[in-house]
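One structure below.
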Amino acid sequence: MSVPLSSWERDLFTWVLPEERSPYIPYRECVLGWVVASRGMRGDGHIVLTPRGNAADLDMPLPQVFAYGVVETVDGIIAVSIRELVTEQLDCDLSLLSGESLPGRGKEIRRWSYSRWNPGHPCPICSGQVREVRLVTPRGVAGVLAVCSRDERLWVFDSVRGIALPVPLTSFYAELMRVQGIRDPLIALAPHRFFSALESYNDDAMIGAFAQYNKLRPKIAAGDLLPARTGPSRRPSLVRLIRSLVGKSPSSQNTP
Ligand SMILES: [Zn+2]
């Protein structure tokens, strides 16, 4: 079967792979140059692209999601995902978030993706404020973990490659529970509590959980993440710096 993607599919897949960010370029070339080797074998909207339609490997574990976006149409909300490129095979997917079968190209309401997000930007979904946790190694900033509790989404920005990748809630939460030593099943087995309880997890808990998760399913190159309090981003406060230069303790400054 050597059939190219439909123009709608090509539009959606290249949209989550913006060409202004270089790590997406090889993926765009596959979407534009390869042909469909398999359709619907792992869900309704699962498509495997290979060069010349060479046979797809449908038994391998699915690679991690590399690019993700959502298109809201009058017929439903469609998730667009591209998985990590493996040897001459690119797994792509279009699926309705409701789990029903995929409709055709309905009138579009809006779309969003992580692919154009940068640290400091508002949430790509609701435009609200995002909680950001810096991921720092001895060599510098490796990434930023971002959470929007309103949309119940988390993602990580890879500061080296300059791209944002979704982080699966269930796996991340399991590591967070381990790091926090929480075994109460009412909490530990309820990943969506993460968003309502977000403020109760400090940056170190989030960093520890991400470090564990990232060891099992690497998203970014971050072997040794530093705790938040020791990261190189933490500079001594101006007051402490002046006190150390003057050589006075806070109490002696207040003594008349
Ligand atoms: Zn949001």
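To be explicit about the labels: the chains of the structure tokens are called A, B, and onward in the order shown, and within each one the residues are counted from 1, while ligands get numbers from 1 in the order they are shown.
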
Review point. Could you list, as a list in words, all the residues within 12 Å of ligand 1, counting only C-alpha atoms and all ligand atoms?
Key: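 Every residue with an atom at most 12 Å from ligand 1 is listed here: Trp112, Ser113, Tyr114, His121, Pro122, Cys123, Pro124, Ile125, Cys126, Ser127, Gly128, Gln129, Val130, Arg131, Ala146, Val147, Cys148, Ser149, Arg150, Asp151, Glu152, Arg153, Leu154, Trp155 and Phe195 of chain A.
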
Please produce a file of those selected residues containing N, CA and C atoms, as a PDB file, in the first residue's frame.
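Wrote out10.pdb, looks like this:
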```
ATOM      1  N   TRP A 112      -4.514  24.232  19.307  1.00  0.00           N
ATOM      2  CA  TRP A 112      -3.351  24.595  20.127  1.00  0.00           C
ATOM      3  C   TRP A 112      -2.360  23.429  20.107  1.00  0.00           C
ATOM      4  N   SER A 113      -1.093  23.761  20.329  1.00  0.00           N
ATOM      5  CA  SER A 113      -0.091  22.698  20.468  1.00  0.00           C
ATOM      6  C   SER A 113       1.015  23.161  21.409  1.00  0.00           C
ATOM      7  N   TYR A 114       1.777  22.198  21.905  1.00  0.00           N
ATOM      8  CA  TYR A 114       2.920  22.535  22.753  1.00  0.00           C
ATOM      9  C   TYR A 114       4.103  23.024  21.915  1.00  0.00           C
ATOM     10  N   HIS A 121       6.061  31.812  28.581  1.00  0.00           N
ATOM     11  CA  HIS A 121       4.829  32.010  27.815  1.00  0.00           C
ATOM     12  C   HIS A 121       3.619  31.576  28.645  1.00  0.00           C
ATOM     13  N   PRO A 122       2.429  32.109  28.335  1.00  0.00           N
ATOM     14  CA  PRO A 122       1.227  31.590  29.000  1.00  0.00           C
ATOM     15  C   PRO A 122       0.900  30.179  28.502  1.00  0.00           C
ATOM     16  N   CYS A 123      -0.051  29.561  29.156  1.00  0.00           N
ATOM     17  CA  CYS A 123      -0.489  28.214  28.759  1.00  0.00           C
ATOM     18  C   CYS A 123      -0.984  28.243  27.310  1.00  0.00           C
ATOM     19  N   PRO A 124      -0.549  27.300  26.472  1.00  0.00           N
ATOM     20  CA  PRO A 124      -0.994  27.310  25.078  1.00  0.00           C
ATOM     21  C   PRO A 124      -2.482  26.974  24.927  1.00  0.00           C
ATOM     22  N   ILE A 125      -3.070  26.433  25.988  1.00  0.00           N
ATOM     23  CA  ILE A 125      -4.470  25.995  25.892  1.00  0.00           C
ATOM     24  C   ILE A 125      -5.410  27.108  26.367  1.00  0.00           C
ATOM     25  N   CYS A 126      -5.167  27.621  27.602  1.00  0.00           N
ATOM     26  CA  CYS A 126      -6.118  28.572  28.192  1.00  0.00           C
ATOM     27  C   CYS A 126      -5.553  29.988  28.273  1.00  0.00           C
ATOM     28  N   SER A 127      -4.297  30.182  27.893  1.00  0.00           N
ATOM     29  CA  SER A 127      -3.602  31.477  27.974  1.00  0.00           C
ATOM     30  C   SER A 127      -3.428  31.961  29.414  1.00  0.00           C
ATOM     31  N   GLY A 128      -3.665  31.084  30.371  1.00  0.00           N
ATOM     32  CA  GLY A 128      -3.472  31.455  31.775  1.00  0.00           C
ATOM     33  C   GLY A 128      -2.028  31.256  32.200  1.00  0.00           C
ATOM     34  N   GLN A 129      -1.786  31.547  33.469  1.00  0.00           N
ATOM     35  CA  GLN A 129      -0.428  31.418  33.989  1.00  0.00           C
ATOM     36  C   GLN A 129      -0.089  29.947  34.220  1.00  0.00           C
ATOM     37  N   VAL A 130       1.166  29.617  33.993  1.00  0.00           N
ATOM     38  CA  VAL A 130       1.627  28.241  34.101  1.00  0.00           C
ATOM     39  C   VAL A 130       2.588  28.151  35.274  1.00  0.00           C
ATOM     40  N   ARG A 131       2.562  27.049  36.026  1.00  0.00           N
ATOM     41  CA  ARG A 131       3.623  26.864  37.027  1.00  0.00           C
ATOM     42  C   ARG A 131       4.846  26.291  36.313  1.00  0.00           C
ATOM     43  N   ALA A 146       6.497  22.351  33.081  1.00  0.00           N
ATOM     44  CA  ALA A 146       5.392  23.316  33.102  1.00  0.00           C
ATOM     45  C   ALA A 146       4.088  22.584  33.405  1.00  0.00           C
ATOM     46  N   VAL A 147       3.256  23.214  34.239  1.00  0.00           N
ATOM     47  CA  VAL A 147       1.982  22.603  34.621  1.00  0.00           C
ATOM     48  C   VAL A 147       0.883  23.651  34.512  1.00  0.00           C
ATOM     49  N   CYS A 148      -0.234  23.289  33.873  1.00  0.00           N
ATOM     50  CA  CYS A 148      -1.444  24.110  33.938  1.00  0.00           C
ATOM     51  C   CYS A 148      -2.495  23.290  34.663  1.00  0.00           C
ATOM     52  N   SER A 149      -2.833  23.698  35.897  1.00  0.00           N
ATOM     53  CA  SER A 149      -3.804  22.899  36.649  1.00  0.00           C
ATOM     54  C   SER A 149      -5.216  23.105  36.113  1.00  0.00           C
ATOM     55  N   ARG A 150      -5.456  24.249  35.480  1.00  0.00           N
ATOM     56  CA  ARG A 150      -6.797  24.477  34.926  1.00  0.00           C
ATOM     57  C   ARG A 150      -7.107  23.471  33.803  1.00  0.00           C
ATOM     58  N   ASP A 151      -6.110  23.226  32.961  1.00  0.00           N
ATOM     59  CA  ASP A 151      -6.313  22.285  31.848  1.00  0.00           C
ATOM     60  C   ASP A 151      -5.876  20.862  32.180  1.00  0.00           C
ATOM     61  N   GLU A 152      -5.295  20.691  33.389  1.00  0.00           N
ATOM     62  CA  GLU A 152      -4.799  19.375  33.803  1.00  0.00           C
ATOM     63  C   GLU A 152      -3.822  18.818  32.775  1.00  0.00           C
ATOM     64  N   ARG A 153      -2.807  19.614  32.492  1.00  0.00           N
ATOM     65  CA  ARG A 153      -1.772  19.197  31.537  1.00  0.00           C
ATOM     66  C   ARG A 153      -0.404  19.517  32.112  1.00  0.00           C
ATOM     67  N   LEU A 154       0.583  18.672  31.792  1.00  0.00           N
ATOM     68  CA  LEU A 154       1.963  19.021  32.096  1.00  0.00           C
ATOM     69  C   LEU A 154       2.846  18.674  30.917  1.00  0.00           C
ATOM     70  N   TRP A 155       3.895  19.460  30.766  1.00  0.00           N
ATOM     71  CA  TRP A 155       4.810  19.251  29.650  1.00  0.00           C
ATOM     72  C   TRP A 155       6.186  19.720  30.073  1.00  0.00           C
ATOM     73  N   PHE A 195      -3.337  17.991  40.196  1.00  0.00           N
ATOM     74  CA  PHE A 195      -3.599  19.376  39.793  1.00  0.00           C
ATOM     75  C   PHE A 195      -4.274  20.172  40.915  1.00  0.00           C
TER      76      PHE A 195
END
```

Check your understanding: Can you tell me, as a PyMOL selection string, what residues are no more than 10 Å from Val65 in chain A when counting only C-alpha atoms, ignoring any on the same chain fewer than 6 positions away?
Key -> chain A and resi 81-85+91-93+165-168+219

Those same residues - C-alpha atoms - I'd like them written as a PDB file, in the first residue's frame.
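Okay, this is what ended up in again05.pdb:
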```pdb
ATOM      1  CA  SER A  81       0.400  13.323  17.857  1.00  0.00           C
ATOM      2  CA  ILE A  82       3.706  12.395  16.298  1.00  0.00           C
ATOM      3  CA  ARG A  83       5.909   9.839  18.003  1.00  0.00           C
ATOM      4  CA  GLU A  84       9.684   9.732  18.068  1.00  0.00           C
ATOM      5  CA  LEU A  85      11.194   8.786  14.762  1.00  0.00           C
ATOM      6  CA  ASP A  91       4.088   6.710  13.909  1.00  0.00           C
ATOM      7  CA  CYS A  92       1.464   9.463  13.716  1.00  0.00           C
ATOM      8  CA  ASP A  93      -2.005   9.587  15.187  1.00  0.00           C
ATOM      9  CA  LEU A 165       7.159  17.643  24.911  1.00  0.00           C
ATOM     10  CA  PRO A 166       4.056  16.369  26.726  1.00  0.00           C
ATOM     11  CA  VAL A 167       4.633  14.434  29.964  1.00  0.00           C
ATOM     12  CA  PRO A 168       2.148  11.626  30.710  1.00  0.00           C
ATOM     13  CA  LYS A 219      12.418  13.232  27.512  1.00  0.00           C
TER      14      LYS A 219
END
```

Exercise for review: For Thr137 in chain A, please output as a PyMOL selection string all residues within 12 Å (counting only C-alpha atoms; exclusion window: fewer than 5 positions along the same chain).
Suggested key: chain A and resi 142-144+159-160+207+211+220-228+230-233

Within 12 Å of Gly208 in chain A, counting only C-alpha atoms, which residues show up once you throw out same-chain ones fewer than 6 positions away? Write them as a PDB file with N, CA and C atoms, in the first residue's frame, please.
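As a result, around-v4.pdb now contains:
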```pdb
ATOM      1  N   VAL A 133       8.856  24.916  36.702  1.00  0.00           N
ATOM      2  CA  VAL A 133       9.916  24.437  37.599  1.00  0.00           C
ATOM      3  C   VAL A 133      11.166  24.250  36.757  1.00  0.00           C
ATOM      4  N   ARG A 134      12.217  24.988  37.100  1.00  0.00           N
ATOM      5  CA  ARG A 134      13.452  24.895  36.318  1.00  0.00           C
ATOM      6  C   ARG A 134      14.188  23.608  36.638  1.00  0.00           C
ATOM      7  N   LEU A 135      14.690  22.969  35.602  1.00  0.00           N
ATOM      8  CA  LEU A 135      15.433  21.725  35.745  1.00  0.00           C
ATOM      9  C   LEU A 135      16.895  22.047  35.446  1.00  0.00           C
ATOM     10  N   VAL A 136      17.699  22.035  36.511  1.00  0.00           N
ATOM     11  CA  VAL A 136      19.076  22.516  36.390  1.00  0.00           C
ATOM     12  C   VAL A 136      20.053  21.384  36.663  1.00  0.00           C
ATOM     13  N   LEU A 145       9.936  22.303  33.573  1.00  0.00           N
ATOM     14  CA  LEU A 145       8.707  21.520  33.696  1.00  0.00           C
ATOM     15  C   LEU A 145       7.559  22.511  33.855  1.00  0.00           C
ATOM     16  N   PHE A 172       4.287  10.202  35.582  1.00  0.00           N
ATOM     17  CA  PHE A 172       4.940  11.236  36.389  1.00  0.00           C
ATOM     18  C   PHE A 172       4.414  11.191  37.824  1.00  0.00           C
ATOM     19  N   TYR A 173       3.107  11.048  37.968  1.00  0.00           N
ATOM     20  CA  TYR A 173       2.490  11.057  39.303  1.00  0.00           C
ATOM     21  C   TYR A 173       2.962   9.861  40.136  1.00  0.00           C
ATOM     22  N   ALA A 174       3.123   8.712  39.470  1.00  0.00           N
ATOM     23  CA  ALA A 174       3.610   7.530  40.200  1.00  0.00           C
ATOM     24  C   ALA A 174       4.985   7.816  40.793  1.00  0.00           C
ATOM     25  N   GLU A 175       5.846   8.499  40.037  1.00  0.00           N
ATOM     26  CA  GLU A 175       7.175   8.844  40.554  1.00  0.00           C
ATOM     27  C   GLU A 175       7.073   9.886  41.668  1.00  0.00           C
ATOM     28  N   LEU A 176       6.139  10.830  41.515  1.00  0.00           N
ATOM     29  CA  LEU A 176       5.946  11.848  42.548  1.00  0.00           C
ATOM     30  C   LEU A 176       5.527  11.201  43.871  1.00  0.00           C
ATOM     31  N   MET A 177       4.639  10.221  43.785  1.00  0.00           N
ATOM     32  CA  MET A 177       4.189   9.513  44.989  1.00  0.00           C
ATOM     33  C   MET A 177       5.347   8.766  45.631  1.00  0.00           C
ATOM     34  N   ARG A 178       6.199   8.160  44.795  1.00  0.00           N
ATOM     35  CA  ARG A 178       7.360   7.434  45.319  1.00  0.00           C
ATOM     36  C   ARG A 178       8.321   8.393  46.023  1.00  0.00           C
ATOM     37  N   VAL A 179       8.598   9.512  45.357  1.00  0.00           N
ATOM     38  CA  VAL A 179       9.530  10.502  45.923  1.00  0.00           C
ATOM     39  C   VAL A 179       8.992  11.046  47.246  1.00  0.00           C
ATOM     40  N   GLN A 180       7.677  11.239  47.314  1.00  0.00           N
ATOM     41  CA  GLN A 180       7.059  11.802  48.510  1.00  0.00           C
ATOM     42  C   GLN A 180       6.766  10.746  49.571  1.00  0.00           C
ATOM     43  N   GLY A 181       6.937   9.472  49.208  1.00  0.00           N
ATOM     44  CA  GLY A 181       6.649   8.388  50.148  1.00  0.00           C
ATOM     45  C   GLY A 181       5.165   8.256  50.461  1.00  0.00           C
ATOM     46  N   TYR A 201       3.052  20.482  46.445  1.00  0.00           N
ATOM     47  CA  TYR A 201       4.314  19.851  46.014  1.00  0.00           C
ATOM     48  C   TYR A 201       5.325  20.947  45.697  1.00  0.00           C
ATOM     49  N   ASN A 202       6.407  20.993  46.475  1.00  0.00           N
ATOM     50  CA  ASN A 202       7.389  22.046  46.212  1.00  0.00           C
ATOM     51  C   ASN A 202       8.258  21.697  45.002  1.00  0.00           C
ATOM     52  N   ASN A 214      12.286  10.701  34.087  1.00  0.00           N
ATOM     53  CA  ASN A 214      13.141  10.927  32.922  1.00  0.00           C
ATOM     54  C   ASN A 214      14.209   9.838  32.774  1.00  0.00           C
ATOM     55  N   LYS A 215      14.555   9.183  33.900  1.00  0.00           N
ATOM     56  CA  LYS A 215      15.502   8.062  33.804  1.00  0.00           C
ATOM     57  C   LYS A 215      14.839   6.882  33.105  1.00  0.00           C
ATOM     58  N   ALA A 222      19.105  15.058  30.845  1.00  0.00           N
ATOM     59  CA  ALA A 222      19.241  15.648  32.187  1.00  0.00           C
ATOM     60  C   ALA A 222      19.580  14.541  33.164  1.00  0.00           C
ATOM     61  N   GLY A 223      20.848  14.151  33.193  1.00  0.00           N
ATOM     62  CA  GLY A 223      21.246  13.053  34.071  1.00  0.00           C
ATOM     63  C   GLY A 223      21.162  13.416  35.545  1.00  0.00           C
ATOM     64  N   ASP A 224      21.806  14.505  35.921  1.00  0.00           N
ATOM     65  CA  ASP A 224      21.912  14.849  37.345  1.00  0.00           C
ATOM     66  C   ASP A 224      21.222  16.177  37.595  1.00  0.00           C
ATOM     67  N   LEU A 225      19.960  16.124  37.964  1.00  0.00           N
ATOM     68  CA  LEU A 225      19.249  17.374  38.243  1.00  0.00           C
ATOM     69  C   LEU A 225      19.558  17.827  39.661  1.00  0.00           C
ATOM     70  N   LEU A 226      19.801  19.095  39.796  1.00  0.00           N
ATOM     71  CA  LEU A 226      20.116  19.645  41.119  1.00  0.00           C
ATOM     72  C   LEU A 226      18.830  20.026  41.836  1.00  0.00           C
ATOM     73  N   PRO A 227      18.835  19.915  43.181  1.00  0.00           N
ATOM     74  CA  PRO A 227      17.670  20.415  43.918  1.00  0.00           C
ATOM     75  C   PRO A 227      17.496  21.908  43.659  1.00  0.00           C
ATOM     76  N   ALA A 228      16.270  22.391  43.797  1.00  0.00           N
ATOM     77  CA  ALA A 228      15.976  23.791  43.468  1.00  0.00           C
ATOM     78  C   ALA A 228      16.850  24.756  44.259  1.00  0.00           C
TER      79      ALA A 228
END
```

Review point. Mind pulling up the distance from CA of Pro51 in chain A to CA of Trp34 in chain A?
Key: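 Result for CA of Trp34 in chain A versus CA of Pro51 in chain A: 4.7 Å, one decimal.
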
Check your understanding: Residues of range 60-209 of chain A in strand (DSSP E or B) according to DSSP, as a VMD selection string?
Key -> chain A and resid 65 to 73 76 to 83 86 89 to 96 108 to 113 131 to 137 140 to 148 153 to 158 163 to 166

Exercise for review: Fewer than 2 positions away in the same chain doesn't count, so skip those; otherwise give me all residues within 8 Å of Leu94 in chain A, counting only C-alpha atoms, as an MDAnalysis selection string.
Suggested key: chainID A and resid 44:46 78:81 92 96 102

Revision key, fill the gap. Here CA of Met206 in chain A and CA of Gly162 in chain A stand apart by 20.9 Å

Practice item. Measuring atom to atom with only C-alpha atoms, identify which of A:Trp117, A:Val71, A:Phe210, A:Ser101 is nearest to Gly40 in chain A. Key: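 So, comparing all the options, the nearest one is A:Ser101.
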
Review point. Counting only C-alpha atoms, which of A:Glu29, A:Asn54, A:Met41, A:Ser115 gets nearest to Val70 in chain A?
Key: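 Of all the options, A:Ser115 lies closest to Val70 in chain A.
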
Point to revise | d(CA of Val86 in chain A, CA of Leu58 in chain A) in Å | key: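 Rounded to one decimal, the two atoms are 12.3 Å apart.
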
Point to revise | Option closest in space to Thr170 in chain A, from A:Arg183, A:Lys107, A:Arg21, A:His192 [counting only C-alpha atoms] | key: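 Closest to Thr170 in chain A of all the choices is A:His192.
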
Check your understanding: If we count only C-alpha atoms, what is near Val48 in chain A at a cut-off of 6 Å, once residues fewer than 6 positions away on the same chain are taken out, given as a list in words?
Key ->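 Selected residues are Val36, Ala37, Ser38, Leu90 and Asp91 of chain A.
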
Can I get the selection written as a compact mmCIF listing (two decimals), in the first residue's frame, with C-alpha atoms?
```txt
# COMPACT_ATOMS: atom_id res chain seq x y z
CA VAL A 36 1.38 5.45 4.41
CA ALA A 37 2.54 1.91 5.23
CA SER A 38 -0.21 1.13 7.73
CA LEU A 90 7.22 7.46 11.87
CA ASP A 91 4.09 6.71 13.91
```

Practice item. Using DSSP on the backbone coordinates, identify the residues of range 82-180 of chain A assigned to alpha helix (DSSP H); present them as number ranges by chain. Key: A: 169-180
